[in-house]
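Have a look at protein.tsv below; it lists TSV, C-alpha atoms and all ligand atoms.
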chain	number	residue	atom	x	y	z
A	1370	MET	CA	-27.92	-131.04	43.02
A	1371	LEU	CA	-26.07	-131.96	46.16
A	1372	PRO	CA	-22.34	-131.17	45.97
A	1373	LEU	CA	-20.17	-134.00	44.64
A	1374	SER	CA	-17.36	-133.18	47.06
A	1375	TYR	CA	-17.34	-132.25	50.73
A	1376	LEU	CA	-15.68	-129.13	52.07
A	1377	SER	CA	-15.47	-128.55	55.81
A	1378	PRO	CA	-17.70	-125.70	57.05
A	1379	LYS	CA	-14.44	-124.25	58.39
A	1380	THR	CA	-13.31	-123.48	54.83
A	1381	GLU	CA	-14.06	-121.03	52.06
A	1382	VAL	CA	-12.95	-120.56	48.47
A	1383	ARG	CA	-11.43	-117.22	47.53
A	1384	GLU	CA	-8.63	-115.60	45.54
A	1385	SER	CA	-5.25	-117.21	46.14
A	1386	LYS	CA	-1.74	-115.77	45.83
A	1387	ILE	CA	-0.57	-119.20	44.68
A	1388	HIS	CA	-2.96	-119.72	41.80
A	1389	GLY	CA	-6.45	-118.61	40.83
A	1390	ARG	CA	-8.89	-119.47	43.55
A	1391	GLY	CA	-7.75	-121.34	46.63
A	1392	LEU	CA	-9.25	-122.99	49.68
A	1393	PHE	CA	-8.81	-121.17	52.99
A	1394	ALA	CA	-9.48	-121.95	56.64
A	1395	THR	CA	-12.12	-119.67	58.19
A	1396	ALA	CA	-11.51	-121.13	61.67
A	1397	ASP	CA	-8.77	-123.07	63.39
A	1398	ILE	CA	-8.61	-126.70	62.22
A	1399	ALA	CA	-6.99	-129.30	64.47
A	1400	LYS	CA	-4.42	-131.80	63.19
A	1401	ASN	CA	-5.96	-134.83	61.45
A	1402	LYS	CA	-9.42	-133.30	61.13
A	1403	ILE	CA	-11.14	-133.80	57.78
A	1404	VAL	CA	-10.93	-130.72	55.55
A	1405	ALA	CA	-12.31	-132.04	52.27
A	1406	VAL	CA	-13.45	-135.22	50.53
A	1407	LYS	CA	-13.22	-135.45	46.75
A	1408	GLY	CA	-16.25	-136.66	44.82
A	1409	GLY	CA	-17.00	-137.17	41.16
A	1410	HIS	CA	-16.93	-139.92	38.57
A	1411	ILE	CA	-14.37	-142.72	38.53
A	1412	ILE	CA	-12.52	-142.55	35.20
A	1413	ASN	CA	-9.30	-143.86	33.65
A	1414	ARG	CA	-6.37	-141.85	32.30
A	1415	LYS	CA	-7.47	-142.12	28.67
A	1416	THR	CA	-10.87	-140.66	29.46
A	1417	LEU	CA	-9.28	-137.99	31.64
A	1418	ARG	CA	-6.80	-136.86	28.96
A	1419	GLU	CA	-9.15	-137.08	26.00
A	1420	GLN	CA	-12.48	-136.00	27.41
A	1421	ILE	CA	-12.04	-134.16	30.70
A	1422	THR	CA	-8.84	-132.10	30.90
A	1423	PRO	CA	-9.26	-130.38	27.49
A	1424	HIS	CA	-12.69	-129.08	28.55
A	1425	LEU	CA	-12.50	-128.67	32.32
A	1426	GLY	CA	-8.78	-128.23	33.08
A	1427	PRO	CA	-7.09	-129.82	36.11
A	1428	VAL	CA	-10.11	-131.01	38.09
A	1429	GLU	CA	-9.15	-134.55	39.01
A	1430	ILE	CA	-7.55	-136.46	41.82
A	1431	GLN	CA	-5.60	-139.65	41.14
A	1432	ILE	CA	-6.66	-142.66	43.22
A	1433	ASP	CA	-4.70	-145.49	41.56
A	1434	ASN	CA	-2.35	-146.13	38.63
A	1435	ASP	CA	-5.09	-145.67	36.07
A	1436	LEU	CA	-8.02	-144.37	38.10
A	1437	PHE	CA	-9.02	-140.80	38.78
A	1438	ILE	CA	-12.02	-139.01	40.26
A	1439	ALA	CA	-13.26	-135.98	38.38
A	1440	PRO	CA	-16.34	-134.07	37.34
A	1441	THR	CA	-17.30	-134.80	33.74
A	1442	THR	CA	-19.34	-131.74	32.83
A	1443	GLN	CA	-19.17	-128.00	33.36
A	1444	GLU	CA	-22.25	-128.26	35.60
A	1445	GLU	CA	-20.48	-130.76	37.85
A	1446	ARG	CA	-17.18	-128.89	37.89
A	1447	GLU	CA	-17.92	-126.41	40.66
A	1448	SER	CA	-19.43	-129.00	43.01
A	1449	SER	CA	-16.46	-131.36	42.56
A	1450	MET	CA	-13.59	-128.85	42.79
A	1451	LEU	CA	-11.76	-128.64	46.13
A	1452	TYR	CA	-9.61	-125.63	45.18
A	1453	SER	CA	-6.74	-126.97	47.25
A	1454	ASN	CA	-3.64	-125.63	45.47
A	1455	HIS	CA	-0.32	-127.44	45.39
A	1456	SER	CA	2.31	-126.20	47.83
A	1457	CYS	CA	5.79	-127.53	48.56
A	1458	ASN	CA	5.03	-126.57	52.17
A	1459	PRO	CA	1.46	-127.89	52.52
A	1460	ASN	CA	-0.80	-128.23	55.53
A	1461	LEU	CA	-3.05	-130.99	54.15
A	1462	GLY	CA	-2.32	-134.66	53.64
A	1463	MET	CA	-4.33	-137.67	52.55
A	1464	ARG	CA	-6.28	-140.24	54.51
A	1465	GLY	CA	-7.19	-143.06	52.16
A	1466	GLU	CA	-7.39	-141.80	48.61
A	1467	ILE	CA	-10.08	-139.11	48.56
A	1468	THR	CA	-10.01	-137.56	52.04
A	1469	PHE	CA	-7.86	-134.51	52.79
A	1470	VAL	CA	-6.94	-134.00	56.44
A	1471	ALA	CA	-4.95	-131.39	58.35
A	1472	MET	CA	-1.32	-132.55	58.68
A	1473	ARG	CA	-0.83	-130.12	61.54
A	1474	ASP	CA	-2.89	-127.62	63.50
A	1475	ILE	CA	-4.07	-124.97	61.04
A	1476	ARG	CA	-4.95	-121.40	61.96
A	1477	ALA	CA	-7.91	-119.43	60.66
A	1478	GLY	CA	-6.95	-117.54	57.49
A	1479	GLU	CA	-4.32	-119.98	56.25
A	1480	GLU	CA	-4.57	-121.22	52.67
A	1481	LEU	CA	-5.21	-124.96	52.61
A	1482	THR	CA	-2.78	-126.74	50.32
A	1483	HIS	CA	-1.51	-130.20	49.57
A	1484	ASP	CA	1.59	-131.49	47.82
A	1485	TRP	CA	0.88	-133.29	44.54
A	1486	ALA	CA	3.58	-135.75	45.60
A	1487	THR	CA	1.09	-137.19	48.09
A	1488	THR	CA	-1.52	-137.96	45.41
A	1489	ASP	CA	0.14	-138.33	42.01
A	1490	ASP	CA	2.00	-141.07	40.15
A	1491	ASP	CA	2.26	-139.68	36.66
A	1492	ASP	CA	4.79	-138.62	34.00
A	1493	TYR	CA	4.50	-134.82	34.07
A	1494	SER	CA	7.17	-132.27	34.92
A	1495	VAL	CA	6.09	-128.70	35.63
A	1496	GLN	CA	7.56	-125.52	37.06
A	1497	CYS	CA	6.29	-124.80	40.58
A	1498	GLN	CA	5.40	-121.27	41.59
A	1499	CYS	CA	4.01	-121.99	45.04
A	1500	GLY	CA	6.34	-119.45	46.64
A	1501	ALA	CA	7.17	-121.61	49.66
A	1502	PRO	CA	10.69	-121.07	51.04
A	1503	ASN	CA	11.38	-124.77	50.46
A	1504	CYS	CA	9.86	-124.83	46.95
A	1505	ARG	CA	11.47	-127.59	44.89
A	1506	GLN	CA	10.97	-125.53	41.65
A	1507	ILE	CA	10.24	-128.51	39.41
A	1508	LEU	CA	7.36	-130.83	40.24
A	1509	THR	CA	7.18	-134.24	38.65
A	1510	GLY	CA	4.63	-137.00	38.76
A	1511	LYS	CA	7.28	-139.21	40.37
A	1512	ASP	CA	8.04	-136.96	43.34
A	1513	TRP	CA	6.43	-139.57	45.64
A	1514	GLN	CA	9.60	-141.61	45.06
A	1515	ARG	CA	11.82	-138.98	46.72
A	1516	ALA	CA	13.20	-140.15	50.05
A	1517	ASP	CA	12.94	-136.67	51.60
A	1518	LEU	CA	9.25	-136.39	50.71
A	1519	GLN	CA	8.49	-139.96	51.78
A	1520	LYS	CA	9.89	-139.04	55.18
A	1521	ARG	CA	8.10	-135.69	55.44
A	1522	TYR	CA	4.71	-137.03	54.38
A	1523	ALA	CA	4.83	-140.42	56.09
A	1524	GLY	CA	1.28	-141.32	57.09
A	1525	TYR	CA	-0.20	-138.72	54.72
A	1526	PHE	CA	0.33	-140.26	51.29
A	1527	SER	CA	-2.66	-141.43	49.31
A	1528	ALA	CA	-3.19	-145.08	50.28
A	1529	TYR	CA	-2.26	-146.42	46.83
A	1530	LEU	CA	1.05	-144.53	47.00
A	1531	ALA	CA	1.72	-145.56	50.59
A	1532	ARG	CA	1.39	-149.15	49.44
A	1533	LYS	CA	3.83	-148.58	46.57
A	1534	ILE	CA	6.30	-146.95	48.96
A	1535	ALA	CA	6.05	-149.84	51.42
A	1536	THR	CA	6.46	-152.38	48.61
A	1537	ARG	CA	9.43	-150.57	47.09
A	1538	CYS	CA	11.21	-150.26	50.42
A	1539	HIS	CA	10.63	-153.92	51.06
A	1540	SER	CA	11.80	-155.02	47.61
A	1541	GLU	CA	14.89	-152.80	47.77
A	1542	ARG	CA	15.92	-154.43	51.01
A	1543	SER	CA	15.27	-157.98	49.86
A	1544	GLU	CA	16.32	-157.80	46.23
A	1545	GLU	CA	19.58	-159.35	45.11
A	1546	PRO	CA	21.84	-156.98	43.17
A	1547	HIS	CA	21.41	-158.94	39.91
A	1548	ASN	CA	17.70	-158.13	40.02
A	1549	ARG	CA	18.25	-154.40	40.03
A	1550	SER	CA	17.84	-154.05	36.29
A	1551	ASN	CA	14.30	-155.40	36.67
A	1552	ASP	CA	13.41	-152.52	38.91
A	1553	HIS	CA	10.04	-151.09	38.04
A	1554	THR	CA	7.26	-149.16	39.65
A	1555	GLU	CA	4.32	-151.54	39.27
B	1601	ZN	ZN	6.72	-125.20	45.14
Any chance you could put this one into structure tokens?
Ligand SMILES: [Zn+2]
Amino acid sequence: MLPLSYLSPKTEVRESKIHGRGLFATADIAKNKIVAVKGGHIINRKTLREQITPHLGPVEIQIDNDLFIAPTTQEERESSMLYSNHSCNPNLGMRGEITFVAMRDIRAGEELTHDWATTDDDDYSVQCQCGAPNCRQILTGKDWQRADLQKRYAGYFSAYLARKIATRCHSERSEEPHNRSNDHTE
């Protein structure tokens, strides 16, 4: 079977200090070059929570409010996994919703990581152990709403989140105060 996902030939999967196995650069990777593209089945949250996560663990990427891409069987798992760990000081960002690109020039040997804030809109809250000096300790599925992260990752959010951010900024500027109680996140 051909792999479901794409990993740049300048990468390899090996033991990570952050968590389990990680993705590493085996050569220098220039800013904005494609590092990985996620492939798998398109599924909703209900399917993910009931049928995928209990068997395969965290194998998905979110691509819209209720859409995810994930492998659905153990056989597919390895060929869909990207092994990009979360870091609060990542070197990968998103182009579109499934393509991971270098946010800066990356040197050979570096672990390739992305911030879940650039891909997720969910309701979780978990302790982060990424070890980055700027680690925010608690990660939530709503971190994309943080102004500091919106600034840091501008241009590198998943497209569906970038659209939410643009819409929210616009509505916050144009909304009358009496509408504030109707604030919602689509
Ligand atoms: Zn962290």
Near-ligand residues for ligand ZN 1601 (chain B), threshold 6 Å, all atoms listed in the file, as a PyMOL selection string: chain A and resi 1456-1457+1497-1501+1504-1506
Kindly extract all protein, DNA and RNA residues lying within 10 Å of the coordinates (-17.1, -129.1, 39.7) given in the file, considering all atoms listed in the file, and supply them as a ChimeraX atom specification. /A:1372-1374,1408-1409,1425,1428-1429,1439-1452
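You can rank A:His1424, A:His1455, A:Arg1464, A:Arg1515 by their closest distance to His1388 (chain A) using all atoms listed in the file, and at the top of that list sits A:His1455.
Between Thr1482 (chain A) and the candidates A:Phe1393, A:Trp1513, A:Phe1526, A:Tyr1375, the tightest atom-to-atom separation, counting only C-alpha atoms, involves A:Phe1393.
Each of A:His1410, A:Asn1454, A:Glu1419, A:Ala1486 was compared to Lys1386 (chain A) using only C-alpha atoms, and A:Asn1454 turns out to be the nearest.
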Exercise: Glu1384 (chain A) partners within 10 Å, all atoms listed in the file, chain neighbours under 6 positions left out, as a PyMOL selection string: chain A and resi 1390-1393+1480
Can I get the selection written as an mmCIF file, in the frame of the given file, with C-alpha atoms?
data_model
loop_
_atom_site.group_PDB
_atom_site.id
_atom_site.type_symbol
_atom_site.label_atom_id
_atom_site.label_comp_id
_atom_site.auth_asym_id
_atom_site.auth_seq_id
_atom_site.Cartn_x
_atom_site.Cartn_y
_atom_site.Cartn_z
ATOM 1 C CA ARG A 1390 -8.890 -119.470 43.550
ATOM 2 C CA GLY A 1391 -7.750 -121.340 46.630
ATOM 3 C CA LEU A 1392 -9.250 -122.990 49.680
ATOM 4 C CA PHE A 1393 -8.810 -121.170 52.990
ATOM 5 C CA GLU A 1480 -4.570 -121.220 52.670
#
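Considering only C-alpha atoms, the residue among A:Leu1461, A:Ala1399, A:Ile1507, A:Ala1471 positioned nearest to Asp1484 (chain A) is A:Leu1461.
If you look at CA of Lys1520 (chain A) and CA of Asp1489 (chain A), they are 16.4 Å away from each other.
Across the model, the gap from CA of Gln1496 (chain A) to CA of Leu1508 (chain A) is 6.2 Å.
The space between CA of Thr1487 (chain A) and CA of Cys1538 (chain A) spans 16.7 Å.
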Could you add whatever atoms are missing so that region 1394-1416 of chain A carries N, CA and C atoms, then write the result as an mmCIF file, in the coordinates of the input?
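What follows is the written file selection.cif:
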data_model
loop_
_atom_site.group_PDB
_atom_site.id
_atom_site.type_symbol
_atom_site.label_atom_id
_atom_site.label_comp_id
_atom_site.auth_asym_id
_atom_site.auth_seq_id
_atom_site.Cartn_x
_atom_site.Cartn_y
_atom_site.Cartn_z
ATOM 1 N N ALA A 1394 -8.854 -121.649 55.363
ATOM 2 C CA ALA A 1394 -9.480 -121.950 56.640
ATOM 3 C C ALA A 1394 -10.161 -120.691 57.168
ATOM 4 N N THR A 1395 -11.426 -120.821 57.594
ATOM 5 C CA THR A 1395 -12.120 -119.670 58.190
ATOM 6 C C THR A 1395 -12.135 -119.782 59.715
ATOM 7 N N ALA A 1396 -11.636 -120.907 60.227
ATOM 8 C CA ALA A 1396 -11.510 -121.130 61.670
ATOM 9 C C ALA A 1396 -10.320 -122.052 61.880
ATOM 10 N N ASP A 1397 -9.870 -122.155 63.112
ATOM 11 C CA ASP A 1397 -8.770 -123.070 63.390
ATOM 12 C C ASP A 1397 -9.226 -124.503 63.092
ATOM 13 N N ILE A 1398 -8.321 -125.293 62.525
ATOM 14 C CA ILE A 1398 -8.610 -126.700 62.220
ATOM 15 C C ILE A 1398 -7.527 -127.540 62.890
ATOM 16 N N ALA A 1399 -7.953 -128.487 63.722
ATOM 17 C CA ALA A 1399 -6.990 -129.300 64.470
ATOM 18 C C ALA A 1399 -6.364 -130.368 63.570
ATOM 19 N N LYS A 1400 -5.154 -130.747 63.910
ATOM 20 C CA LYS A 1400 -4.420 -131.800 63.190
ATOM 21 C C LYS A 1400 -5.306 -133.034 63.028
ATOM 22 N N ASN A 1401 -5.265 -133.595 61.827
ATOM 23 C CA ASN A 1401 -5.960 -134.830 61.450
ATOM 24 C C ASN A 1401 -7.472 -134.688 61.263
ATOM 25 N N LYS A 1402 -7.996 -133.494 61.433
ATOM 26 C CA LYS A 1402 -9.420 -133.300 61.130
ATOM 27 C C LYS A 1402 -9.648 -133.296 59.619
ATOM 28 N N ILE A 1403 -10.810 -133.757 59.200
ATOM 29 C CA ILE A 1403 -11.140 -133.800 57.780
ATOM 30 C C ILE A 1403 -11.416 -132.387 57.263
ATOM 31 N N VAL A 1404 -10.750 -132.023 56.173
ATOM 32 C CA VAL A 1404 -10.930 -130.720 55.550
ATOM 33 C C VAL A 1404 -11.767 -130.819 54.283
ATOM 34 N N ALA A 1405 -11.574 -131.890 53.521
ATOM 35 C CA ALA A 1405 -12.310 -132.040 52.270
ATOM 36 C C ALA A 1405 -12.322 -133.502 51.852
ATOM 37 N N VAL A 1406 -13.356 -133.875 51.118
ATOM 38 C CA VAL A 1406 -13.450 -135.220 50.530
ATOM 39 C C VAL A 1406 -13.821 -135.045 49.067
ATOM 40 N N LYS A 1407 -13.014 -135.636 48.187
ATOM 41 C CA LYS A 1407 -13.220 -135.450 46.750
ATOM 42 C C LYS A 1407 -14.283 -136.405 46.216
ATOM 43 N N GLY A 1408 -15.229 -135.848 45.474
ATOM 44 C CA GLY A 1408 -16.250 -136.660 44.820
ATOM 45 C C GLY A 1408 -16.312 -136.382 43.337
ATOM 46 N N GLY A 1409 -16.863 -137.316 42.608
ATOM 47 C CA GLY A 1409 -17.000 -137.170 41.160
ATOM 48 C C GLY A 1409 -17.180 -138.530 40.537
ATOM 49 N N HIS A 1410 -16.844 -138.636 39.270
ATOM 50 C CA HIS A 1410 -16.930 -139.920 38.570
ATOM 51 C C HIS A 1410 -15.577 -140.618 38.603
ATOM 52 N N ILE A 1411 -15.598 -141.940 38.583
ATOM 53 C CA ILE A 1411 -14.370 -142.720 38.530
ATOM 54 C C ILE A 1411 -14.035 -142.959 37.050
ATOM 55 N N ILE A 1412 -12.884 -142.458 36.624
ATOM 56 C CA ILE A 1412 -12.520 -142.550 35.200
ATOM 57 C C ILE A 1412 -11.069 -142.990 35.064
ATOM 58 N N ASN A 1413 -10.701 -143.483 33.864
ATOM 59 C CA ASN A 1413 -9.300 -143.860 33.650
ATOM 60 C C ASN A 1413 -8.546 -142.704 32.982
ATOM 61 N N ARG A 1414 -7.231 -142.920 32.788
ATOM 62 C CA ARG A 1414 -6.370 -141.850 32.300
ATOM 63 C C ARG A 1414 -6.744 -141.425 30.876
ATOM 64 N N LYS A 1415 -7.104 -142.416 30.059
ATOM 65 C CA LYS A 1415 -7.470 -142.120 28.670
ATOM 66 C C LYS A 1415 -8.686 -141.191 28.631
ATOM 67 N N THR A 1416 -9.676 -141.507 29.410
ATOM 68 C CA THR A 1416 -10.870 -140.660 29.460
ATOM 69 C C THR A 1416 -10.515 -139.280 29.998
#
